[in-house]
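my_file.csv (CSV, N, CA and C atoms and all ligand atoms)
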```
chain,number,residue,atom,x,y,z
A,1,MET,N,0.8,-1.2,0.0
A,1,MET,CA,0.0,0.0,0.0
A,1,MET,C,0.9,1.2,0.0
A,2,ARG,N,0.4,2.3,-0.7
A,2,ARG,CA,1.2,3.5,-0.8
A,2,ARG,C,1.2,4.2,0.5
A,3,ARG,N,2.3,4.9,0.8
A,3,ARG,CA,2.5,5.7,2.0
A,3,ARG,C,1.3,6.7,2.2
A,4,THR,N,0.9,7.4,1.2
A,4,THR,CA,-0.2,8.4,1.3
A,4,THR,C,-1.5,7.7,1.7
A,5,GLU,N,-1.7,6.5,1.2
A,5,GLU,CA,-2.9,5.7,1.6
A,5,GLU,C,-2.8,5.3,3.0
A,6,LEU,N,-1.7,4.8,3.4
A,6,LEU,CA,-1.5,4.4,4.8
A,6,LEU,C,-1.7,5.5,5.7
A,7,ASP,N,-1.2,6.7,5.4
A,7,ASP,CA,-1.4,7.9,6.2
A,7,ASP,C,-2.9,8.2,6.3
A,8,ARG,N,-3.6,8.0,5.3
A,8,ARG,CA,-5.0,8.3,5.3
A,8,ARG,C,-5.8,7.4,6.2
A,9,PHE,N,-5.4,6.1,6.2
A,9,PHE,CA,-6.0,5.1,7.1
A,9,PHE,C,-5.6,5.4,8.5
A,10,ARG,N,-4.4,5.8,8.7
A,10,ARG,CA,-3.9,6.0,10.0
A,10,ARG,C,-4.7,7.2,10.6
A,11,LYS,N,-4.9,8.2,9.8
A,11,LYS,CA,-5.7,9.4,10.3
A,11,LYS,C,-7.1,8.9,10.7
A,12,ARG,N,-7.7,8.1,9.8
A,12,ARG,CA,-9.1,7.6,10.1
A,12,ARG,C,-9.1,6.9,11.4
A,13,LEU,N,-8.2,6.0,11.6
A,13,LEU,CA,-8.1,5.2,12.8
A,13,LEU,C,-7.9,6.1,14.0
A,14,GLU,N,-7.1,7.0,13.9
A,14,GLU,CA,-6.8,7.9,15.1
A,14,GLU,C,-8.1,8.7,15.4
A,15,GLU,N,-8.8,9.2,14.4
A,15,GLU,CA,-10.0,9.9,14.6
A,15,GLU,C,-11.0,9.1,15.3
A,16,LYS,N,-11.2,7.9,14.7
A,16,LYS,CA,-12.2,6.9,15.3
A,16,LYS,C,-11.8,6.6,16.8
A,17,ARG,N,-10.6,6.4,17.0
A,17,ARG,CA,-10.1,6.1,18.4
A,17,ARG,C,-10.5,7.2,19.3
A,18,ARG,N,-10.3,8.5,18.9
A,18,ARG,CA,-10.7,9.6,19.8
A,18,ARG,C,-12.2,9.6,20.0
A,19,GLU,N,-12.9,9.4,18.9
A,19,GLU,CA,-14.4,9.4,19.0
A,19,GLU,C,-14.9,8.4,20.0
A,20,VAL,N,-14.4,7.2,19.9
A,20,VAL,CA,-14.8,6.1,20.7
A,20,VAL,C,-14.4,6.4,22.2
A,21,GLN,N,-13.2,6.9,22.4
A,21,GLN,CA,-12.8,7.2,23.8
A,21,GLN,C,-13.7,8.3,24.4
A,22,GLU,N,-14.1,9.2,23.6
A,22,GLU,CA,-15.0,10.2,24.1
A,22,GLU,C,-16.3,9.6,24.5
A,23,LEU,N,-16.8,8.7,23.8
A,23,LEU,CA,-18.1,8.0,24.1
A,23,LEU,C,-17.9,7.2,25.4
A,24,VAL,N,-16.7,6.5,25.5
A,24,VAL,CA,-16.5,5.7,26.8
A,24,VAL,C,-16.4,6.7,28.0
A,25,GLN,N,-15.8,7.8,27.8
A,25,GLN,CA,-15.7,8.8,28.8
A,25,GLN,C,-17.1,9.3,29.2
A,26,ALA,N,-17.9,9.6,28.2
A,26,ALA,CA,-19.2,10.1,28.5
A,26,ALA,C,-20.1,9.1,29.3
A,27,ALA,N,-19.9,7.8,28.9
A,27,ALA,CA,-20.7,6.7,29.6
A,27,ALA,C,-20.2,6.7,31.0
A,28,ARG,N,-18.9,6.8,31.2
A,28,ARG,CA,-18.4,6.7,32.6
A,28,ARG,C,-18.9,7.9,33.5
A,29,THR,N,-19.0,9.1,32.9
A,29,THR,CA,-19.5,10.2,33.6
A,29,THR,C,-20.9,10.1,34.0
A,30,THR,N,-21.7,9.6,33.1
A,30,THR,CA,-23.1,9.4,33.3
A,30,THR,C,-23.3,8.4,34.5
A,31,GLU,N,-22.5,7.4,34.4
A,31,GLU,CA,-22.5,6.3,35.4
A,31,GLU,C,-22.2,6.8,36.8
A,32,SER,N,-21.1,7.6,36.9
A,32,SER,CA,-20.7,8.0,38.2
A,32,SER,C,-21.7,9.0,38.8
A,33,GLN,N,-22.4,9.7,37.9
A,33,GLN,CA,-23.4,10.7,38.4
A,33,GLN,C,-24.6,10.0,39.0
A,34,HIS,N,-24.9,8.8,38.5
A,34,HIS,CA,-26.0,8.0,39.0
A,34,HIS,C,-25.6,7.1,40.1
A,35,GLY,N,-24.4,6.6,40.1
A,35,GLY,CA,-24.0,5.6,41.0
A,35,GLY,C,-24.3,5.8,42.5
A,36,ASP,N,-23.9,6.9,43.1
A,36,ASP,CA,-24.1,7.0,44.5
A,36,ASP,C,-25.5,7.1,45.0
A,37,THR,N,-26.4,7.7,44.3
A,37,THR,CA,-27.7,7.8,44.8
A,37,THR,C,-28.5,6.5,44.7
A,38,GLU,N,-28.1,5.7,43.7
A,38,GLU,CA,-28.9,4.5,43.5
A,38,GLU,C,-28.4,3.3,44.3
A,39,THR,N,-27.2,3.3,44.8
A,39,THR,CA,-26.7,2.2,45.5
A,39,THR,C,-26.2,2.5,46.9
A,40,PRO,N,-27.1,2.4,47.8
A,40,PRO,CA,-26.7,2.9,49.2
A,40,PRO,C,-25.7,2.0,49.9
A,41,ASP,N,-25.7,0.7,49.8
A,41,ASP,CA,-24.7,0.0,50.6
A,41,ASP,C,-23.7,-0.8,49.7
A,42,LEU,N,-22.5,-1.1,50.3
A,42,LEU,CA,-21.4,-1.6,49.5
A,42,LEU,C,-21.7,-2.9,48.8
A,43,GLY,N,-22.4,-3.8,49.5
A,43,GLY,CA,-22.7,-5.1,48.9
A,43,GLY,C,-23.5,-4.9,47.6
A,44,ASP,N,-24.5,-4.1,47.7
A,44,ASP,CA,-25.4,-3.8,46.5
A,44,ASP,C,-24.5,-3.1,45.5
A,45,ARG,N,-23.7,-2.3,45.9
A,45,ARG,CA,-22.9,-1.5,44.9
A,45,ARG,C,-22.0,-2.5,44.1
A,46,ALA,N,-21.4,-3.5,44.7
A,46,ALA,CA,-20.6,-4.5,44.0
A,46,ALA,C,-21.4,-5.2,42.9
A,47,THR,N,-22.6,-5.6,43.3
A,47,THR,CA,-23.5,-6.3,42.4
A,47,THR,C,-23.9,-5.3,41.3
A,48,ASP,N,-24.2,-4.1,41.7
A,48,ASP,CA,-24.6,-3.1,40.7
A,48,ASP,C,-23.5,-2.8,39.7
A,49,ALA,N,-22.3,-2.8,40.2
A,49,ALA,CA,-21.2,-2.5,39.3
A,49,ALA,C,-21.1,-3.6,38.2
A,50,PHE,N,-21.3,-4.9,38.7
A,50,PHE,CA,-21.3,-6.0,37.8
A,50,PHE,C,-22.4,-5.9,36.8
A,51,ASN,N,-23.6,-5.6,37.3
A,51,ASN,CA,-24.8,-5.4,36.4
A,51,ASN,C,-24.6,-4.3,35.4
A,52,ARG,N,-23.9,-3.3,35.8
A,52,ARG,CA,-23.7,-2.2,34.9
A,52,ARG,C,-22.7,-2.6,33.8
A,53,GLU,N,-21.7,-3.4,34.2
A,53,GLU,CA,-20.7,-3.9,33.2
A,53,GLU,C,-21.5,-4.6,32.1
A,54,VAL,N,-22.5,-5.4,32.5
A,54,VAL,CA,-23.2,-6.2,31.6
A,54,VAL,C,-24.2,-5.4,30.8
A,55,SER,N,-24.9,-4.5,31.5
A,55,SER,CA,-25.9,-3.7,30.8
A,55,SER,C,-25.3,-2.7,29.9
A,56,TYR,N,-24.1,-2.2,30.3
A,56,TYR,CA,-23.3,-1.3,29.4
A,56,TYR,C,-22.5,-2.0,28.4
A,57,GLY,N,-23.2,-3.0,27.7
A,57,GLY,CA,-22.5,-3.8,26.7
A,57,GLY,C,-21.8,-3.0,25.6
A,58,VAL,N,-22.5,-1.9,25.3
A,58,VAL,CA,-22.0,-1.0,24.3
A,58,VAL,C,-20.6,-0.5,24.7
A,59,ARG,N,-20.5,-0.2,26.0
A,59,ARG,CA,-19.2,0.4,26.4
A,59,ARG,C,-18.1,-0.7,26.3
A,60,ILE,N,-18.4,-1.9,26.6
A,60,ILE,CA,-17.4,-3.0,26.5
A,60,ILE,C,-17.0,-3.2,25.1
A,61,ASN,N,-18.0,-3.1,24.2
A,61,ASN,CA,-17.6,-3.2,22.8
A,61,ASN,C,-16.8,-2.1,22.3
A,62,GLU,N,-17.0,-0.9,22.9
A,62,GLU,CA,-16.2,0.2,22.5
A,62,GLU,C,-14.8,0.1,23.0
A,63,ARG,N,-14.6,-0.5,24.2
A,63,ARG,CA,-13.2,-0.8,24.6
A,63,ARG,C,-12.6,-1.8,23.7
A,64,ASP,N,-13.3,-2.8,23.2
A,64,ASP,CA,-12.8,-3.8,22.3
A,64,ASP,C,-12.4,-3.1,21.0
A,65,LEU,N,-13.2,-2.2,20.6
A,65,LEU,CA,-12.9,-1.4,19.4
A,65,LEU,C,-11.6,-0.6,19.5
A,66,VAL,N,-11.4,0.0,20.7
A,66,VAL,CA,-10.2,0.7,20.9
A,66,VAL,C,-9.0,-0.2,20.7
A,67,ARG,N,-9.1,-1.4,21.3
A,67,ARG,CA,-8.0,-2.4,21.2
A,67,ARG,C,-7.8,-2.8,19.7
A,68,ARG,N,-8.8,-3.0,19.0
A,68,ARG,CA,-8.7,-3.3,17.5
A,68,ARG,C,-8.0,-2.2,16.8
A,69,ILE,N,-8.4,-0.9,17.1
A,69,ILE,CA,-7.8,0.2,16.4
A,69,ILE,C,-6.3,0.3,16.8
A,70,ASP,N,-6.0,0.1,18.0
A,70,ASP,CA,-4.6,0.1,18.4
A,70,ASP,C,-3.8,-1.0,17.7
A,71,ARG,N,-4.4,-2.1,17.6
A,71,ARG,CA,-3.7,-3.2,16.8
A,71,ARG,C,-3.5,-2.8,15.4
A,72,ALA,N,-4.5,-2.2,14.8
A,72,ALA,CA,-4.4,-1.8,13.4
A,72,ALA,C,-3.3,-0.7,13.2
A,73,LEU,N,-3.2,0.2,14.2
A,73,LEU,CA,-2.2,1.3,14.1
A,73,LEU,C,-0.8,0.6,14.3
A,74,GLY,N,-0.7,-0.4,15.1
A,74,GLY,CA,0.5,-1.2,15.2
A,74,GLY,C,0.9,-1.9,13.9
A,75,ARG,N,-0.1,-2.4,13.2
A,75,ARG,CA,0.2,-3.0,11.9
A,75,ARG,C,0.7,-2.0,10.9
A,76,ILE,N,0.2,-0.8,11.0
A,76,ILE,CA,0.6,0.2,10.1
A,76,ILE,C,2.1,0.4,10.3
A,77,GLU,N,2.5,0.5,11.6
A,77,GLU,CA,3.9,0.8,11.9
A,77,GLU,C,4.8,-0.4,11.4
A,78,SER,N,4.3,-1.6,11.6
A,78,SER,CA,5.1,-2.8,11.2
A,78,SER,C,5.0,-3.1,9.7
A,79,GLY,N,4.2,-2.4,9.0
A,79,GLY,CA,4.1,-2.6,7.6
A,79,GLY,C,3.2,-3.8,7.2
A,80,GLU,N,2.4,-4.3,8.2
A,80,GLU,CA,1.5,-5.4,7.9
A,80,GLU,C,0.1,-5.0,7.6
A,81,TYR,N,-0.1,-3.7,7.7
A,81,TYR,CA,-1.5,-3.2,7.6
A,81,TYR,C,-2.1,-3.5,6.2
A,82,GLY,N,-3.3,-3.9,6.1
A,82,GLY,CA,-4.0,-4.2,4.9
A,82,GLY,C,-3.8,-5.6,4.4
A,83,LYS,N,-3.1,-6.4,5.2
A,83,LYS,CA,-2.9,-7.8,4.8
A,83,LYS,C,-3.8,-8.7,5.7
A,84,CYS,N,-4.5,-9.7,5.1
A,84,CYS,CA,-5.3,-10.6,5.9
A,84,CYS,C,-4.4,-11.4,6.9
A,85,VAL,N,-4.7,-11.4,8.2
A,85,VAL,CA,-3.9,-12.2,9.1
A,85,VAL,C,-4.0,-13.7,8.9
A,86,ASN,N,-5.1,-14.1,8.2
A,86,ASN,CA,-5.2,-15.5,8.0
A,86,ASN,C,-4.6,-16.0,6.7
A,87,CYS,N,-4.9,-15.4,5.6
A,87,CYS,CA,-4.4,-15.9,4.3
A,87,CYS,C,-3.4,-15.0,3.6
A,88,SER,N,-3.0,-13.9,4.3
A,88,SER,CA,-2.0,-13.0,3.8
A,88,SER,C,-2.3,-12.3,2.5
A,89,LYS,N,-3.6,-12.4,2.1
A,89,LYS,CA,-4.0,-11.7,0.9
A,89,LYS,C,-4.2,-10.3,1.2
A,90,THR,N,-4.2,-9.4,0.2
A,90,THR,CA,-4.5,-8.0,0.5
A,90,THR,C,-6.0,-7.8,0.8
A,91,ILE,N,-6.3,-7.1,1.8
A,91,ILE,CA,-7.7,-6.8,2.2
A,91,ILE,C,-8.2,-5.8,1.2
A,92,GLN,N,-9.4,-6.0,0.7
A,92,GLN,CA,-10.0,-5.1,-0.3
A,92,GLN,C,-10.1,-3.7,0.3
A,93,LYS,N,-9.7,-2.7,-0.6
A,93,LYS,CA,-9.7,-1.4,-0.1
A,93,LYS,C,-11.0,-0.9,0.3
A,94,ALA,N,-12.1,-1.3,-0.3
A,94,ALA,CA,-13.4,-0.9,0.1
A,94,ALA,C,-13.7,-1.3,1.5
A,95,ARG,N,-13.3,-2.5,1.8
A,95,ARG,CA,-13.5,-3.1,3.1
A,95,ARG,C,-12.7,-2.3,4.2
A,96,LEU,N,-11.5,-1.9,3.8
A,96,LEU,CA,-10.7,-1.1,4.8
A,96,LEU,C,-11.2,0.3,5.0
A,97,THR,N,-11.8,0.8,3.9
A,97,THR,CA,-12.5,2.1,4.0
A,97,THR,C,-13.6,2.0,5.0
A,98,ALA,N,-14.4,1.0,4.9
A,98,ALA,CA,-15.6,0.8,5.7
A,98,ALA,C,-15.2,0.4,7.1
A,99,VAL,N,-14.2,-0.5,7.2
A,99,VAL,CA,-13.7,-1.0,8.5
A,99,VAL,C,-12.2,-1.0,8.6
A,100,PRO,N,-11.7,0.2,8.9
A,100,PRO,CA,-10.2,0.4,8.8
A,100,PRO,C,-9.4,-0.5,9.7
A,101,TRP,N,-10.1,-1.1,10.8
A,101,TRP,CA,-9.3,-1.9,11.7
A,101,TRP,C,-9.5,-3.4,11.3
A,102,ALA,N,-10.0,-3.7,10.1
A,102,ALA,CA,-10.3,-5.1,9.7
A,102,ALA,C,-8.9,-5.9,9.6
A,103,ARG,N,-9.0,-7.1,10.2
A,103,ARG,CA,-7.8,-7.9,10.1
A,103,ARG,C,-7.9,-9.1,9.1
A,104,HIS,N,-9.1,-9.3,8.6
A,104,HIS,CA,-9.4,-10.4,7.7
A,104,HIS,C,-9.9,-9.8,6.4
A,105,CYS,N,-9.6,-10.5,5.3
A,105,CYS,CA,-10.2,-10.2,4.0
A,105,CYS,C,-11.7,-10.7,4.1
A,106,ILE,N,-12.5,-10.3,3.1
A,106,ILE,CA,-13.9,-10.6,3.1
A,106,ILE,C,-14.1,-12.1,3.2
A,107,GLU,N,-13.3,-12.9,2.4
A,107,GLU,CA,-13.5,-14.3,2.4
A,107,GLU,C,-13.3,-15.0,3.8
A,108,CYS,N,-12.2,-14.5,4.4
A,108,CYS,CA,-11.9,-15.1,5.7
A,108,CYS,C,-12.8,-14.6,6.8
A,109,GLN,N,-13.3,-13.4,6.6
A,109,GLN,CA,-14.3,-12.9,7.6
A,109,GLN,C,-15.6,-13.7,7.5
A,110,GLU,N,-16.0,-14.1,6.3
A,110,GLU,CA,-17.2,-14.9,6.1
A,110,GLU,C,-17.0,-16.2,6.8
A,111,LEU,N,-15.8,-16.8,6.6
A,111,LEU,CA,-15.6,-18.1,7.3
A,111,LEU,C,-15.6,-17.9,8.8
A,112,LEU,N,-15.1,-16.8,9.2
A,112,LEU,CA,-15.0,-16.5,10.7
A,112,LEU,C,-16.5,-16.4,11.2
A,113,ASP,N,-17.3,-15.6,10.5
A,113,ASP,CA,-18.7,-15.4,10.9
A,113,ASP,C,-19.5,-16.7,10.9
A,114,ARG,N,-19.1,-17.6,10.0
A,114,ARG,CA,-19.8,-18.9,10.0
A,114,ARG,C,-19.3,-19.8,11.1
A,115,GLY,N,-18.2,-19.5,11.6
A,115,GLY,CA,-17.5,-20.3,12.6
A,115,GLY,C,-16.6,-21.4,12.0
A,116,ASP,N,-16.3,-21.2,10.7
A,116,ASP,CA,-15.4,-22.2,10.0
A,116,ASP,C,-14.0,-21.9,10.1
A,117,LEU,N,-13.6,-20.8,10.8
A,117,LEU,CA,-12.2,-20.4,10.9
A,117,LEU,C,-11.7,-20.5,12.3
B,201,ZN,ZN,-8.1,-13.9,4.2
```

Spit out the file's structure as structure tokens when you get a sec.
Ligand SMILES: [Zn+2]
Amino acid sequence: MRRTELDRFRKRLEEKRREVQELVQAARTTESQHGDTETPDLGDRATDAFNREVSYGVRINERDLVRRIDRALGRIESGEYGKCVNCSKTIQKARLTAVPWARHCIECQELLDRGDL
């Protein structure tokens, strides 16, 4: 992949990372604002924290997304970006544009989604 293209993807990834982290931050702020009034004793609070982790599934996925973005940025640095981690084929550019942190080409992703990989 050309340097200019790599830079473009890097910029997209960095933007997305910031965006996601702001969302995570916002979720955390909302949570701490509600936390104290709704959970009077410590035992309940522990359970509540667990329930929140589950109910805030979106937030967990966002954390996962940050990890994926970080890995993609790492692959840009190591020169492996845009290559399928399974079959080493070049990942389609349209796919990278839609999902810049993609690690698999379309074919391998389909196998993965079906549970065949
Ligand atoms: Zn592949």

* Suppose you want the space between atom C of Thr90 (chain A) and CA of Asp70 (chain A); what is it in Å? -> 19.3 Å

Give the residue list for ligand ZN 201 (chain B) at 12 Å, counting only C-alpha atoms and all ligand atoms, as a PDB file with N, CA and C atoms, in the frame of the given file, sorted by chain and then by residue number.
```pdb
ATOM      1  N   GLY A  82      -3.300  -3.900   6.100  1.00  0.00           N
ATOM      2  CA  GLY A  82      -4.000  -4.200   4.900  1.00  0.00           C
ATOM      3  C   GLY A  82      -3.800  -5.600   4.400  1.00  0.00           C
ATOM      4  N   LYS A  83      -3.100  -6.400   5.200  1.00  0.00           N
ATOM      5  CA  LYS A  83      -2.900  -7.800   4.800  1.00  0.00           C
ATOM      6  C   LYS A  83      -3.800  -8.700   5.700  1.00  0.00           C
ATOM      7  N   CYS A  84      -4.500  -9.700   5.100  1.00  0.00           N
ATOM      8  CA  CYS A  84      -5.300 -10.600   5.900  1.00  0.00           C
ATOM      9  C   CYS A  84      -4.400 -11.400   6.900  1.00  0.00           C
ATOM     10  N   VAL A  85      -4.700 -11.400   8.200  1.00  0.00           N
ATOM     11  CA  VAL A  85      -3.900 -12.200   9.100  1.00  0.00           C
ATOM     12  C   VAL A  85      -4.000 -13.700   8.900  1.00  0.00           C
ATOM     13  N   ASN A  86      -5.100 -14.100   8.200  1.00  0.00           N
ATOM     14  CA  ASN A  86      -5.200 -15.500   8.000  1.00  0.00           C
ATOM     15  C   ASN A  86      -4.600 -16.000   6.700  1.00  0.00           C
ATOM     16  N   CYS A  87      -4.900 -15.400   5.600  1.00  0.00           N
ATOM     17  CA  CYS A  87      -4.400 -15.900   4.300  1.00  0.00           C
ATOM     18  C   CYS A  87      -3.400 -15.000   3.600  1.00  0.00           C
ATOM     19  N   SER A  88      -3.000 -13.900   4.300  1.00  0.00           N
ATOM     20  CA  SER A  88      -2.000 -13.000   3.800  1.00  0.00           C
ATOM     21  C   SER A  88      -2.300 -12.300   2.500  1.00  0.00           C
ATOM     22  N   LYS A  89      -3.600 -12.400   2.100  1.00  0.00           N
ATOM     23  CA  LYS A  89      -4.000 -11.700   0.900  1.00  0.00           C
ATOM     24  C   LYS A  89      -4.200 -10.300   1.200  1.00  0.00           C
ATOM     25  N   THR A  90      -4.200  -9.400   0.200  1.00  0.00           N
ATOM     26  CA  THR A  90      -4.500  -8.000   0.500  1.00  0.00           C
ATOM     27  C   THR A  90      -6.000  -7.800   0.800  1.00  0.00           C
ATOM     28  N   ILE A  91      -6.300  -7.100   1.800  1.00  0.00           N
ATOM     29  CA  ILE A  91      -7.700  -6.800   2.200  1.00  0.00           C
ATOM     30  C   ILE A  91      -8.200  -5.800   1.200  1.00  0.00           C
ATOM     31  N   GLN A  92      -9.400  -6.000   0.700  1.00  0.00           N
ATOM     32  CA  GLN A  92     -10.000  -5.100  -0.300  1.00  0.00           C
ATOM     33  C   GLN A  92     -10.100  -3.700   0.300  1.00  0.00           C
ATOM     34  N   ALA A 102     -10.000  -3.700  10.100  1.00  0.00           N
ATOM     35  CA  ALA A 102     -10.300  -5.100   9.700  1.00  0.00           C
ATOM     36  C   ALA A 102      -8.900  -5.900   9.600  1.00  0.00           C
ATOM     37  N   ARG A 103      -9.000  -7.100  10.200  1.00  0.00           N
ATOM     38  CA  ARG A 103      -7.800  -7.900  10.100  1.00  0.00           C
ATOM     39  C   ARG A 103      -7.900  -9.100   9.100  1.00  0.00           C
ATOM     40  N   HIS A 104      -9.100  -9.300   8.600  1.00  0.00           N
ATOM     41  CA  HIS A 104      -9.400 -10.400   7.700  1.00  0.00           C
ATOM     42  C   HIS A 104      -9.900  -9.800   6.400  1.00  0.00           C
ATOM     43  N   CYS A 105      -9.600 -10.500   5.300  1.00  0.00           N
ATOM     44  CA  CYS A 105     -10.200 -10.200   4.000  1.00  0.00           C
ATOM     45  C   CYS A 105     -11.700 -10.700   4.100  1.00  0.00           C
ATOM     46  N   ILE A 106     -12.500 -10.300   3.100  1.00  0.00           N
ATOM     47  CA  ILE A 106     -13.900 -10.600   3.100  1.00  0.00           C
ATOM     48  C   ILE A 106     -14.100 -12.100   3.200  1.00  0.00           C
ATOM     49  N   GLU A 107     -13.300 -12.900   2.400  1.00  0.00           N
ATOM     50  CA  GLU A 107     -13.500 -14.300   2.400  1.00  0.00           C
ATOM     51  C   GLU A 107     -13.300 -15.000   3.800  1.00  0.00           C
ATOM     52  N   CYS A 108     -12.200 -14.500   4.400  1.00  0.00           N
ATOM     53  CA  CYS A 108     -11.900 -15.100   5.700  1.00  0.00           C
ATOM     54  C   CYS A 108     -12.800 -14.600   6.800  1.00  0.00           C
ATOM     55  N   GLN A 109     -13.300 -13.400   6.600  1.00  0.00           N
ATOM     56  CA  GLN A 109     -14.300 -12.900   7.600  1.00  0.00           C
ATOM     57  C   GLN A 109     -15.600 -13.700   7.500  1.00  0.00           C
ATOM     58  N   GLU A 110     -16.000 -14.100   6.300  1.00  0.00           N
ATOM     59  CA  GLU A 110     -17.200 -14.900   6.100  1.00  0.00           C
ATOM     60  C   GLU A 110     -17.000 -16.200   6.800  1.00  0.00           C
ATOM     61  N   LEU A 111     -15.800 -16.800   6.600  1.00  0.00           N
ATOM     62  CA  LEU A 111     -15.600 -18.100   7.300  1.00  0.00           C
ATOM     63  C   LEU A 111     -15.600 -17.900   8.800  1.00  0.00           C
ATOM     64  N   LEU A 112     -15.100 -16.800   9.200  1.00  0.00           N
ATOM     65  CA  LEU A 112     -15.000 -16.500  10.700  1.00  0.00           C
ATOM     66  C   LEU A 112     -16.500 -16.400  11.200  1.00  0.00           C
ATOM     67  N   LEU A 117     -13.600 -20.800  10.800  1.00  0.00           N
ATOM     68  CA  LEU A 117     -12.200 -20.400  10.900  1.00  0.00           C
ATOM     69  C   LEU A 117     -11.700 -20.500  12.300  1.00  0.00           C
TER      70      LEU A 117
END
```

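Across the structure, CA of Gln33 (chain A) and CA of Arg67 (chain A) are spaced 26.5 Å apart.
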
* Any idea what the distance is between atom C of Asn61 (chain A) and CA of Val20 (chain A)? -> 8.6 Å

* Contacts of Pro100 (chain A) within 7 Å, all atoms listed in the file, excl. fewer than 4 positions in-chain, as a list in words ->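 Using all atoms listed in the file, the neighbours found are Phe9, Leu13, Ile69, Ala72, Arg95 and Leu96 of chain A.
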
* Asked: A:Ala27, A:Ala94, A:Leu65, A:Leu73: which is nearest Arg12 (chain A), counting only C-alpha atoms?
  ->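 Using only C-alpha atoms, Arg12 (chain A) sits closest to A:Leu73.
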
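Using only N, CA and C atoms, the nearest neighbour of Leu23 (chain A) within the list A:Arg71, A:Tyr81, A:Thr97, A:Glu62 is A:Glu62.
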